[in-house]
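File shown: model-v1.txt. Contents: compact mmCIF, C-alpha atoms and all ligand atoms.
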```txt
# COMPACT_ATOMS: atom_id res chain seq x y z
CA MET A 145 -39.00 -46.29 31.59
CA ALA A 146 -37.53 -43.45 29.60
CA LEU A 147 -39.18 -42.15 26.49
CA VAL A 148 -36.67 -42.72 23.70
CA ILE A 149 -36.85 -40.45 20.68
CA PRO A 150 -35.03 -42.16 17.81
CA ILE A 151 -33.13 -40.18 15.22
CA PHE A 152 -31.90 -42.31 12.34
CA ILE A 153 -28.59 -41.70 10.61
CA PRO A 154 -28.37 -44.93 8.59
CA HIS A 155 -24.86 -45.62 7.37
CA GLN A 156 -23.99 -41.97 7.75
CA GLY A 157 -20.38 -41.37 8.55
CA CYS A 158 -19.41 -44.97 8.17
CA PRO A 159 -16.66 -45.53 5.61
CA HIS A 160 -16.86 -49.27 6.18
CA ARG A 161 -19.00 -52.07 4.91
CA CYS A 162 -18.76 -54.80 7.48
CA LEU A 163 -19.71 -58.15 6.01
CA PHE A 164 -22.89 -58.47 8.03
CA CYS A 165 -24.07 -54.92 7.80
CA ASP A 166 -26.89 -53.30 6.01
CA GLN A 167 -27.74 -50.50 8.38
CA HIS A 168 -30.71 -49.36 6.30
CA ARG A 169 -32.40 -52.66 6.92
CA ILE A 170 -31.15 -53.26 10.44
CA SER A 171 -32.52 -49.94 11.61
CA GLY A 172 -35.67 -50.41 9.55
CA GLN A 173 -35.08 -47.01 8.07
CA THR A 174 -34.36 -46.25 4.46
CA ALA A 175 -35.02 -42.50 4.33
CA PRO A 176 -32.09 -40.09 4.23
CA ALA A 177 -30.84 -38.76 7.55
CA ALA A 178 -32.36 -35.66 9.01
CA SER A 179 -31.04 -32.12 9.08
CA GLY A 180 -30.76 -30.21 12.35
CA GLN A 181 -34.11 -28.53 11.71
CA GLU A 182 -35.81 -31.84 11.00
CA ILE A 183 -34.39 -33.27 14.20
CA GLU A 184 -35.87 -30.40 16.17
CA ALA A 185 -39.21 -30.97 14.46
CA THR A 186 -39.05 -34.69 15.22
CA ILE A 187 -38.31 -34.13 18.89
CA LEU A 188 -41.08 -31.57 19.17
CA ALA A 189 -43.56 -33.91 17.50
CA TRP A 190 -42.68 -36.72 19.90
CA LEU A 191 -42.94 -34.48 22.94
CA THR A 192 -46.26 -33.07 21.81
CA ARG A 193 -47.96 -36.38 21.22
CA THR A 194 -46.63 -38.09 24.35
CA ARG A 195 -48.52 -38.06 27.64
CA PRO A 196 -46.87 -35.95 30.37
CA GLU A 197 -46.22 -38.96 32.62
CA ARG A 198 -44.19 -40.57 29.81
CA ARG A 199 -42.03 -37.47 29.63
CA ALA A 200 -40.54 -37.84 33.09
CA ARG A 201 -37.33 -38.97 31.44
CA VAL A 202 -36.74 -38.32 27.77
CA GLU A 203 -33.70 -39.45 25.81
CA VAL A 204 -32.70 -38.74 22.24
CA ALA A 205 -30.92 -41.64 20.57
CA PHE A 206 -28.99 -41.46 17.32
CA TYR A 207 -29.57 -44.83 15.73
CA GLY A 208 -27.62 -46.54 13.00
CA GLY A 209 -24.40 -45.51 11.32
CA SER A 210 -21.28 -44.56 13.19
CA PHE A 211 -21.95 -41.24 14.78
CA THR A 212 -18.39 -40.24 15.59
CA CYS A 213 -17.24 -41.07 12.04
CA LEU A 214 -19.22 -38.07 10.86
CA PRO A 215 -17.33 -34.85 10.27
CA LEU A 216 -17.14 -32.89 13.51
CA ALA A 217 -19.29 -30.11 12.06
CA ARG A 218 -22.06 -32.59 11.25
CA GLN A 219 -21.85 -34.08 14.75
CA GLU A 220 -22.13 -30.55 16.14
CA GLU A 221 -25.18 -29.90 13.98
CA LEU A 222 -26.94 -33.04 15.14
CA LEU A 223 -26.13 -32.59 18.80
CA ALA A 224 -26.86 -28.86 18.77
CA ALA A 225 -30.36 -29.60 17.47
CA VAL A 226 -31.10 -31.30 20.81
CA HIS A 227 -29.72 -28.38 22.79
CA PRO A 228 -32.82 -26.20 23.16
CA PHE A 229 -34.73 -29.19 24.51
CA ARG A 230 -31.98 -29.95 27.02
CA GLN A 231 -32.02 -26.37 28.22
CA GLN A 232 -35.79 -26.43 28.67
CA GLY A 233 -35.47 -29.69 30.59
CA ALA A 234 -37.65 -31.46 28.02
CA VAL A 235 -34.87 -33.86 27.02
CA HIS A 236 -32.67 -35.35 29.70
CA ALA A 237 -30.07 -37.39 27.89
CA ILE A 238 -28.48 -38.12 24.53
CA ARG A 239 -26.98 -41.36 23.42
CA LEU A 240 -25.45 -42.73 20.27
CA SER A 241 -23.61 -45.64 18.77
CA THR A 242 -20.31 -45.76 16.97
CA ARG A 243 -17.30 -47.85 16.00
CA PRO A 244 -14.52 -48.50 18.48
CA ASP A 245 -11.87 -47.02 16.19
CA ALA A 246 -13.87 -43.81 15.82
CA ILE A 247 -13.35 -42.82 19.42
CA ASP A 248 -10.52 -40.52 20.45
CA ASP A 249 -10.01 -37.62 22.82
CA GLU A 250 -11.05 -34.95 20.34
CA ARG A 251 -14.33 -36.65 19.48
CA LEU A 252 -15.04 -37.42 23.10
CA ASP A 253 -14.46 -33.77 23.99
CA LEU A 254 -17.28 -32.89 21.61
CA LEU A 255 -19.57 -35.51 23.13
CA VAL A 256 -18.77 -34.32 26.63
CA ARG A 257 -19.47 -30.71 25.66
CA HIS A 258 -22.87 -31.76 24.41
CA ARG A 259 -23.45 -33.87 27.51
CA VAL A 260 -23.86 -37.15 25.65
CA SER A 261 -24.64 -39.62 28.39
CA THR A 262 -24.27 -43.00 26.67
CA VAL A 263 -22.03 -44.33 23.92
CA GLU A 264 -22.54 -47.80 22.53
CA LEU A 265 -19.62 -49.40 20.80
CA GLY A 266 -20.20 -51.97 18.11
CA ALA A 267 -17.68 -54.45 19.43
CA GLN A 268 -19.29 -57.56 17.86
CA SER A 269 -16.44 -59.83 18.95
CA CYS A 270 -13.21 -59.51 20.89
CA ASP A 271 -11.47 -62.12 18.77
CA ASP A 272 -9.08 -60.55 16.26
CA SER A 273 -9.55 -63.25 13.66
CA VAL A 274 -13.36 -62.93 13.81
CA LEU A 275 -13.07 -59.16 13.47
CA ARG A 276 -10.73 -59.55 10.51
CA LEU A 277 -12.89 -62.13 8.74
CA SER A 278 -15.94 -59.91 9.27
CA GLY A 279 -14.26 -56.95 7.62
CA ARG A 280 -14.51 -54.78 10.68
CA GLY A 281 -11.31 -52.87 9.98
CA HIS A 282 -10.18 -52.77 13.61
CA ASP A 283 -8.91 -55.20 16.17
CA ALA A 284 -9.88 -56.10 19.71
CA ALA A 285 -7.30 -53.68 21.14
CA ALA A 286 -9.28 -50.83 19.55
CA ILE A 287 -12.35 -51.94 21.52
CA ALA A 288 -10.45 -51.90 24.80
CA THR A 289 -8.90 -48.50 24.07
CA ALA A 290 -12.23 -46.93 23.13
CA ALA A 291 -13.96 -48.45 26.16
CA ARG A 292 -11.37 -46.98 28.52
CA LEU A 293 -11.51 -43.54 26.91
CA ILE A 294 -15.30 -43.49 27.23
CA GLN A 295 -15.19 -44.67 30.82
CA LYS A 296 -12.55 -42.06 31.64
CA GLN A 297 -15.06 -39.41 30.61
CA LYS A 298 -17.68 -40.99 32.88
CA ILE A 299 -19.93 -41.65 29.90
CA CYS A 300 -22.15 -44.71 30.18
CA LEU A 301 -20.62 -47.49 28.04
CA GLY A 302 -22.57 -50.11 26.14
CA LEU A 303 -21.08 -52.90 24.05
CA GLN A 304 -22.88 -54.61 21.20
CA LEU A 305 -21.94 -58.20 20.48
CA MET A 306 -22.82 -60.33 17.49
CA LEU A 307 -23.05 -64.10 17.64
CA GLY A 308 -21.93 -66.39 14.83
CA LEU A 309 -19.77 -64.11 12.72
CA PRO A 310 -17.34 -65.78 10.29
CA GLY A 311 -14.65 -67.67 12.15
CA GLU A 312 -16.41 -67.57 15.50
CA ASN A 313 -16.65 -70.73 17.53
CA PHE A 314 -17.53 -71.36 21.13
CA ARG A 315 -13.92 -70.91 22.18
CA SER A 316 -13.73 -67.43 20.67
CA LEU A 317 -17.13 -66.64 22.18
CA ARG A 318 -15.72 -67.51 25.60
CA HIS A 319 -12.76 -65.28 24.92
CA THR A 320 -15.11 -62.44 23.97
CA ALA A 321 -17.14 -62.95 27.15
CA ALA A 322 -14.01 -62.84 29.31
CA THR A 323 -12.73 -59.71 27.56
CA VAL A 324 -16.05 -57.92 27.90
CA ILE A 325 -16.16 -58.78 31.58
CA ARG A 326 -12.70 -57.28 32.01
CA LEU A 327 -13.83 -54.10 30.26
CA ARG A 328 -16.76 -53.67 32.69
CA PRO A 329 -19.27 -51.98 30.35
CA ASP A 330 -22.45 -50.63 31.89
CA PHE A 331 -24.52 -52.85 29.66
CA VAL A 332 -24.36 -55.20 26.69
CA ARG A 333 -26.58 -56.01 23.74
CA ILE A 334 -26.47 -59.36 22.02
CA TYR A 335 -27.51 -59.98 18.43
CA PRO A 336 -27.25 -63.11 16.34
CA ALA A 337 -25.50 -62.57 13.01
CA LEU A 338 -28.03 -62.66 10.19
CA VAL A 339 -27.48 -62.95 6.46
CA LEU A 340 -29.11 -59.91 4.91
CA ARG A 341 -29.70 -59.39 1.23
CA ASP A 342 -26.94 -57.40 -0.53
CA SER A 343 -24.54 -57.74 2.40
CA GLY A 344 -21.07 -59.23 2.15
CA LEU A 345 -22.26 -62.10 4.28
CA ALA A 346 -24.96 -62.90 1.69
CA ARG A 347 -22.28 -63.22 -1.00
CA LEU A 348 -20.26 -65.57 1.21
CA TYR A 349 -23.38 -67.53 2.05
CA ARG A 350 -24.34 -67.98 -1.60
CA ARG A 351 -20.83 -69.22 -2.38
CA GLY A 352 -21.09 -71.69 0.47
CA ASP A 353 -18.31 -69.93 2.40
CA TYR A 354 -20.43 -68.94 5.38
CA ARG A 355 -22.92 -70.91 7.39
CA PRO A 356 -25.00 -69.00 9.93
CA LEU A 357 -25.73 -70.40 13.36
CA SER A 358 -28.85 -72.45 13.74
CA LEU A 359 -31.47 -70.86 15.97
CA GLY A 360 -30.78 -73.49 18.62
CA ARG A 361 -27.07 -72.76 18.71
CA ALA A 362 -27.59 -69.00 18.67
CA LEU A 363 -29.90 -69.38 21.65
CA ALA A 364 -27.38 -71.57 23.48
CA TRP A 365 -24.61 -69.04 22.90
CA ALA A 366 -26.82 -66.16 23.98
CA VAL A 367 -27.78 -68.09 27.11
CA TYR A 368 -24.10 -68.61 27.86
CA LEU A 369 -23.30 -64.91 27.49
CA LYS A 370 -26.33 -63.84 29.47
CA LYS A 371 -25.38 -66.11 32.34
CA ARG A 372 -21.78 -64.93 32.34
CA PHE A 373 -22.74 -61.26 32.29
CA ASP A 374 -25.49 -61.67 34.86
CA CYS A 375 -23.05 -63.32 37.23
CA GLU A 376 -20.73 -60.33 36.80
CA GLY A 377 -23.47 -57.77 37.30
CA ILE A 378 -23.29 -56.58 33.68
CA GLY A 379 -26.77 -55.89 32.38
CA VAL A 380 -27.88 -57.42 29.10
CA VAL A 381 -30.41 -54.92 27.87
CA ARG A 382 -31.45 -56.53 24.64
CA MET A 383 -31.07 -59.83 22.85
CA GLY A 384 -32.06 -60.12 19.20
CA LEU A 385 -32.93 -57.50 16.64
CA GLN A 386 -36.07 -55.44 16.72
CA PRO A 387 -38.53 -56.99 14.26
CA SER A 388 -39.31 -54.80 11.27
CA VAL A 389 -40.85 -55.27 7.86
CA GLU A 390 -37.59 -54.23 6.17
CA LEU A 391 -35.61 -56.76 8.19
CA ALA A 392 -38.04 -59.56 7.43
CA GLN A 393 -37.90 -58.76 3.72
CA ALA A 394 -34.11 -58.63 3.65
CA LEU A 395 -33.49 -61.76 5.64
CA VAL A 396 -31.75 -64.42 3.57
CA ALA A 397 -30.72 -66.83 6.30
CA GLY A 398 -29.74 -66.99 9.94
CA PRO A 399 -31.16 -67.46 13.41
CA TYR A 400 -33.80 -64.76 13.31
CA HIS A 401 -36.71 -64.95 15.71
CA PRO A 402 -38.92 -61.99 16.61
CA ALA A 403 -38.91 -63.06 20.26
CA PHE A 404 -35.25 -64.08 20.44
CA GLY A 405 -34.70 -62.43 23.81
CA GLU A 406 -37.74 -64.06 25.31
CA LEU A 407 -36.57 -67.45 24.08
CA VAL A 408 -33.24 -66.91 25.81
CA MET A 409 -34.93 -65.91 29.04
CA ALA A 410 -37.25 -68.90 28.83
CA ARG A 411 -34.28 -71.24 28.44
CA LEU A 412 -32.57 -69.71 31.42
CA MET A 413 -35.73 -70.10 33.44
CA LEU A 414 -36.06 -73.73 32.41
CA THR A 415 -32.47 -74.47 33.39
CA GLN A 416 -32.94 -72.88 36.77
CA THR A 417 -36.27 -74.64 37.30
CA ARG A 418 -34.67 -78.01 36.59
CA ARG A 419 -31.78 -77.22 38.90
CA LEU A 420 -34.13 -76.30 41.74
CA LEU A 421 -36.42 -79.26 41.21
CA ALA A 422 -33.45 -81.63 41.20
CA GLY A 423 -33.20 -80.96 44.93
CA VAL A 424 -36.85 -81.76 45.63
CA PRO A 425 -37.31 -85.29 46.96
CA VAL A 426 -39.35 -87.65 44.81
CA GLY A 427 -42.97 -87.57 45.94
CA CYS A 428 -42.73 -84.02 47.21
CA ARG A 429 -44.14 -80.92 45.70
CA ALA A 430 -42.30 -77.65 46.00
CA ALA A 431 -43.49 -74.09 45.65
CA LEU A 432 -41.52 -72.17 43.07
CA VAL A 433 -41.65 -68.42 43.33
CA ILE A 434 -41.32 -66.06 40.40
CA ALA A 435 -42.18 -62.46 39.62
CA ALA A 436 -45.74 -62.12 38.35
CA ARG A 437 -44.51 -60.62 35.09
CA ASP A 438 -42.26 -63.61 34.44
CA GLN A 439 -45.05 -66.12 34.02
CA SER A 440 -44.73 -66.11 30.26
CA ILE A 441 -40.97 -66.76 30.27
CA PHE A 442 -41.53 -69.45 32.90
CA ARG A 443 -43.91 -71.23 30.55
CA GLY A 444 -41.78 -70.53 27.48
CA LEU A 445 -42.99 -69.81 23.99
CA LYS A 446 -46.06 -71.95 23.26
CA SER A 447 -45.58 -73.49 26.72
CA ALA A 448 -42.39 -75.17 25.53
CA ASN A 449 -40.89 -75.15 29.03
CA LEU A 450 -43.95 -76.82 30.52
CA HIS A 451 -43.87 -79.49 27.82
CA ARG A 452 -40.22 -80.12 28.56
CA LEU A 453 -40.87 -80.33 32.30
CA ARG A 454 -43.66 -82.81 31.60
CA GLN A 455 -41.30 -84.92 29.47
CA LEU A 456 -38.84 -84.90 32.34
CA GLY A 457 -41.51 -85.96 34.80
CA LEU A 458 -41.16 -82.71 36.72
CA LEU A 459 -44.44 -81.02 35.99
CA ASP A 460 -46.20 -82.41 39.03
CA ARG A 461 -43.28 -81.64 41.33
CA PHE A 462 -44.12 -78.02 41.94
CA VAL A 463 -46.75 -75.39 42.28
CA LEU A 464 -46.05 -71.96 40.92
CA ARG A 465 -46.40 -68.87 43.06
CA THR A 466 -45.83 -65.26 42.24
CA ASP A 467 -44.43 -62.66 44.53
CA PRO A 468 -44.59 -58.93 43.94
CA GLY A 469 -41.20 -58.60 45.61
CA GLN A 470 -39.49 -61.22 43.50
CA PRO A 471 -36.92 -59.66 41.16
CA ARG A 472 -37.58 -60.13 37.48
CA GLN A 473 -35.99 -63.16 35.81
CA THR A 474 -35.36 -64.81 39.13
CA LEU A 475 -36.76 -67.97 40.60
CA ARG A 476 -36.58 -69.45 44.03
CA LEU A 477 -37.75 -72.39 45.96
CA ALA A 478 -40.04 -71.44 48.82
CA PRO A 479 -39.18 -74.01 51.47
CA GLU A 480 -42.06 -72.93 53.67
CA ASN A 481 -44.37 -74.13 50.92
CA ALA A 482 -42.54 -77.31 50.03
CA ILE A 483 -44.97 -79.95 51.18
CA GLY A 484 -44.47 -83.64 50.87
CA ARG A 485 -47.48 -85.85 50.25
CA ASP A 486 -47.01 -87.06 53.77
CA GLY A 487 -46.89 -83.46 54.89
CA GLN A 488 -43.37 -83.89 56.23
CA TRP A 489 -41.00 -82.21 53.84
CA ARG A 490 -39.55 -78.97 55.14
CA HIS A 491 -36.08 -78.72 53.65
CA ALA A 492 -34.79 -75.18 53.90
CA GLN A 493 -33.30 -74.97 50.47
CA GLU A 494 -33.07 -71.37 49.51
CA ASN A 495 -31.21 -71.47 46.27
CA GLN A 496 -29.09 -68.42 45.69
CA CYS A 497 -26.94 -69.50 42.79
CA GLY A 498 -26.54 -67.58 39.60
CA PRO A 499 -28.57 -65.05 37.74
CA LEU A 500 -31.93 -66.47 38.72
CA SER A 501 -31.31 -66.17 42.44
CA ALA A 502 -33.55 -64.09 44.63
CA GLY A 503 -33.86 -62.54 48.04
CA ARG A 504 -34.98 -64.52 51.08
CA ASN A 505 -38.18 -64.47 53.05
CA ALA A 506 -40.28 -62.78 50.42
CA LEU A 507 -44.02 -62.95 50.91
CA VAL A 508 -45.42 -65.46 48.49
CA ASN A 509 -48.61 -64.51 46.71
CA SER A 510 -50.60 -66.21 44.05
CA THR A 511 -51.74 -64.45 40.92
CA SER A 512 -53.60 -65.72 37.96
CA SER A 513 -52.68 -63.34 35.18
CA ALA A 514 -49.89 -64.25 32.83
CA ALA A 515 -48.04 -61.29 31.48
CA THR A 516 -45.53 -61.03 28.74
CA ASP A 517 -43.09 -58.29 29.40
CA ASN A 518 -40.21 -57.23 27.25
CA SER A 519 -38.69 -54.79 29.66
CA ALA A 520 -36.06 -57.37 30.53
CA ASN A 521 -34.77 -56.91 27.04
CA SER A 522 -35.27 -53.24 26.62
CA HIS A 523 -33.17 -50.41 27.81
CA PRO A 524 -33.21 -46.70 27.37
CA CYS A 525 -30.11 -47.09 25.20
CA SER A 526 -31.47 -49.02 22.24
CA VAL A 527 -29.15 -48.24 19.38
CA SER A 528 -28.64 -50.44 16.36
CA THR A 529 -25.48 -52.25 15.47
CA THR A 530 -22.48 -50.31 14.32
S1 LIG B 601 -21.66 -52.36 11.16
FE1 LIG B 601 -21.24 -50.26 11.75
S2 LIG B 601 -19.09 -49.97 11.15
FE2 LIG B 601 -19.81 -51.75 10.04
S3 LIG B 601 -20.52 -51.00 8.06
FE3 LIG B 601 -22.29 -51.07 9.44
S4 LIG B 601 -22.42 -49.03 10.31
FE4 LIG B 601 -20.36 -49.26 9.46
```

What does this structure look like when you write it as structure tokens?
Ligand code: SF4
Amino acid sequence: MALVIPIFIPHQGCPHRCLFCDQHRISGQTAPAASGQEIEATILAWLTRTRPERRARVEVAFYGGSFTCLPLARQEELLAAVHPFRQQGAVHAIRLSTRPDAIDDERLDLLVRHRVSTVELGAQSCDDSVLRLSGRGHDAAAIATAARLIQKQKICLGLQLMLGLPGENFRSLRHTAATVIRLRPDFVRIYPALVLRDSGLARLYRRGDYRPLSLGRALAWAVYLKKRFDCEGIGVVRMGLQPSVELAQALVAGPYHPAFGELVMARLMLTQTRRLLAGVPVGCRAALVIAARDQSIFRGLKSANLHRLRQLGLLDRFVLRTDPGQPRQTLRLAPENAIGRDGQWRHAQENQCGPLSAGRNALVNSTSSAATDNSANSHPCSVSTT
């Protein structure tokens, strides 16, 4: 995993105030943005205190705000501060986030000159009415235009999506999913819309004009998007906001959970487990194979998945195996281990459907350690919403 050095530019350059936004709180950063010299000092400090093996790949990420809304001279200053480290080979990549309507050829030329490798666009939704009601100040066409311009420059493209904005329903979510799939970003981030103190959404909420998603619905929508994007080979690199003290203090309402991404993954795992076990004859016990590091999402938070499987009468229908070769977040039935009580069952039911599918003929090992791993939700390009 890359070492990511975060540089915060909260709300800098952004002339907008989207209804949901309070970048200071979202990024967990309330201090003013750094000068070029301070950026150099920050990078140096990170490099100095990090072990050499963690420095194999180092990326500088400009978090918060809308980078390309800044005056060009300020963008130059920020990017130039990274330059000496690029030249020394101490920093390998730069990435940043911005608004779709703040991308054009001139700004991209600057990013290309400074070898910016990843741009994340705060798309939030691809439904024009949701964008309008959220005060975004641009439409879905602006997202498509910016995405194409970025891709034309061979810059890695990320899209950030927000669930449950004003006016969004499942139909518009489906439309957003289909549009994103057509745009073919390199990766996606998914955040539930939260009501933060002093935001426009908080005013609407207090007036009774906005109702956030429940946690259950936000999870269901995130599961839907994750499945769609997985099926299309579009990576979902994070789901849910990074917990921070500032965020917790500012939260007024909404589907916040510090382990939102893990909850989504656990739901997906439960769905796939049920689907696989549905094919196991009554009275038989199957071997389910997962990656060793997925044991915690298999169980679910506080073993919620196991409780659900018990309720469904499925808990005694399988034994769990781990396989070092099993891809993360995948699950498969190991037919060679599916043993009926009479010792007869040998159905060859490799299940290869959907995002939890896996390769065949993997060696099945047993392990005992349960590990919680967030790498499924993390990505070198972790930039806050814009
Ligand atoms: S979400 Fe992005 S574009 Fe909107 S106000 Fe915040 S920083 Fe600006």

Ligand LIG 601 (chain B), all listed atoms, 8 Å padding on each side: what axis-aligned box centre and edge lengths in Å to one decimal come out, as lines of an AutoDock Vina configuration file?
```
center_x = -20.8
center_y = -50.7
center_z = 9.9
size_x = 19.3
size_y = 19.3
size_z = 19.7
```

So which one's closest to Arg318 of chain A, A:Ile287, A:Asp353, A:Asp271, A:Phe331? Using all atoms listed in the file, please.
A:Asp271

Pick out the closest residue to ligand LIG 601 (chain B) from this set: A:Arg292, A:Arg161, A:Lys371, A:Arg350. Count all atoms listed in the file.
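For ligand LIG 601 (chain B), the nearest of the candidates is A:Arg161.
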
So which residues touch Val424 of chain A within 9 Å, counting only C-alpha atoms, skipping near sequence neighbours fewer than 3 positions away, as JSON, numbers by chain?
{"A": [420, 421, 427, 428, 429, 430, 461, 462, 482, 491]}

What's the separation between atom CA of Arg382 of chain A and atom CA of Ser316 of chain A, in Å to one decimal place?
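That distance, rounded to one decimal, is 21.2 Å.
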
Which residue is closest to Leu357 of chain A? Choose from A:Asn313, A:Thr289, A:Ser343, A:Thr466 and count all atoms listed in the file.
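Of all the options, A:Asn313 lies closest to Leu357 of chain A.
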
Using only C-alpha atoms, find the one residue out of A:Thr186, A:Ser269, A:Gln439, A:Gln473 that sits nearest to Phe229 of chain A.
A:Thr186

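With all atoms listed in the file as the basis for measurement, A:Pro310 is the residue among A:Pro387, A:Gly344, A:Pro468, A:Pro310 that approaches Leu275 of chain A most closely.
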
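The smallest atom-to-atom distance between ligand LIG 601 (chain B) and any of A:Ile294, A:Met145, A:His319, A:Ala337, using all atoms listed in the file, is found for A:Ala337.
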
Taking (-18.8, -44.8, 9.1) in the file's coordinates, which residues come within 12 Å, counting all atoms listed in the file, written as a PyMOL selection string?
chain A and resi 153-162+165+167+208-215+241-247+266+280-281+529-530

Quick one: distance from atom CA of Trp365 of chain A to atom CA of Val408 of chain A in Å, one decimal?
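Atom-to-atom, atom CA of Trp365 of chain A and atom CA of Val408 of chain A are spaced 9.4 Å apart.
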
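Between atom CA of Leu456 of chain A and atom CA of Ser440 of chain A lies a distance of 19.8 Å.
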
Skipping near chain neighbours, those fewer than 5 positions away, what residues fall within 9 Å of Ser261 of chain A using only C-alpha atoms, listed as a PDB file with C-alpha atoms, keeping the file's coordinate frame?
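Printed below is part.pdb as written:
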```pdb
ATOM      1  CA  ALA A 237     -30.070 -37.390  27.890  1.00  0.00           C
ATOM      2  CA  ILE A 238     -28.480 -38.120  24.530  1.00  0.00           C
ATOM      3  CA  ARG A 239     -26.980 -41.360  23.420  1.00  0.00           C
ATOM      4  CA  LEU A 240     -25.450 -42.730  20.270  1.00  0.00           C
ATOM      5  CA  LEU A 255     -19.570 -35.510  23.130  1.00  0.00           C
ATOM      6  CA  VAL A 256     -18.770 -34.320  26.630  1.00  0.00           C
ATOM      7  CA  LYS A 298     -17.680 -40.990  32.880  1.00  0.00           C
ATOM      8  CA  ILE A 299     -19.930 -41.650  29.900  1.00  0.00           C
ATOM      9  CA  CYS A 300     -22.150 -44.710  30.180  1.00  0.00           C
ATOM     10  CA  LEU A 301     -20.620 -47.490  28.040  1.00  0.00           C
TER      11      LEU A 301
END
```

Got a sec to check which residues sit within 7 Å of (-22.2, -64.3, 8.7), counting all atoms listed in the file, and write them as JSON, numbers by chain?
{"A": [164, 308, 309, 310, 337, 338, 339, 345, 354, 355, 356]}
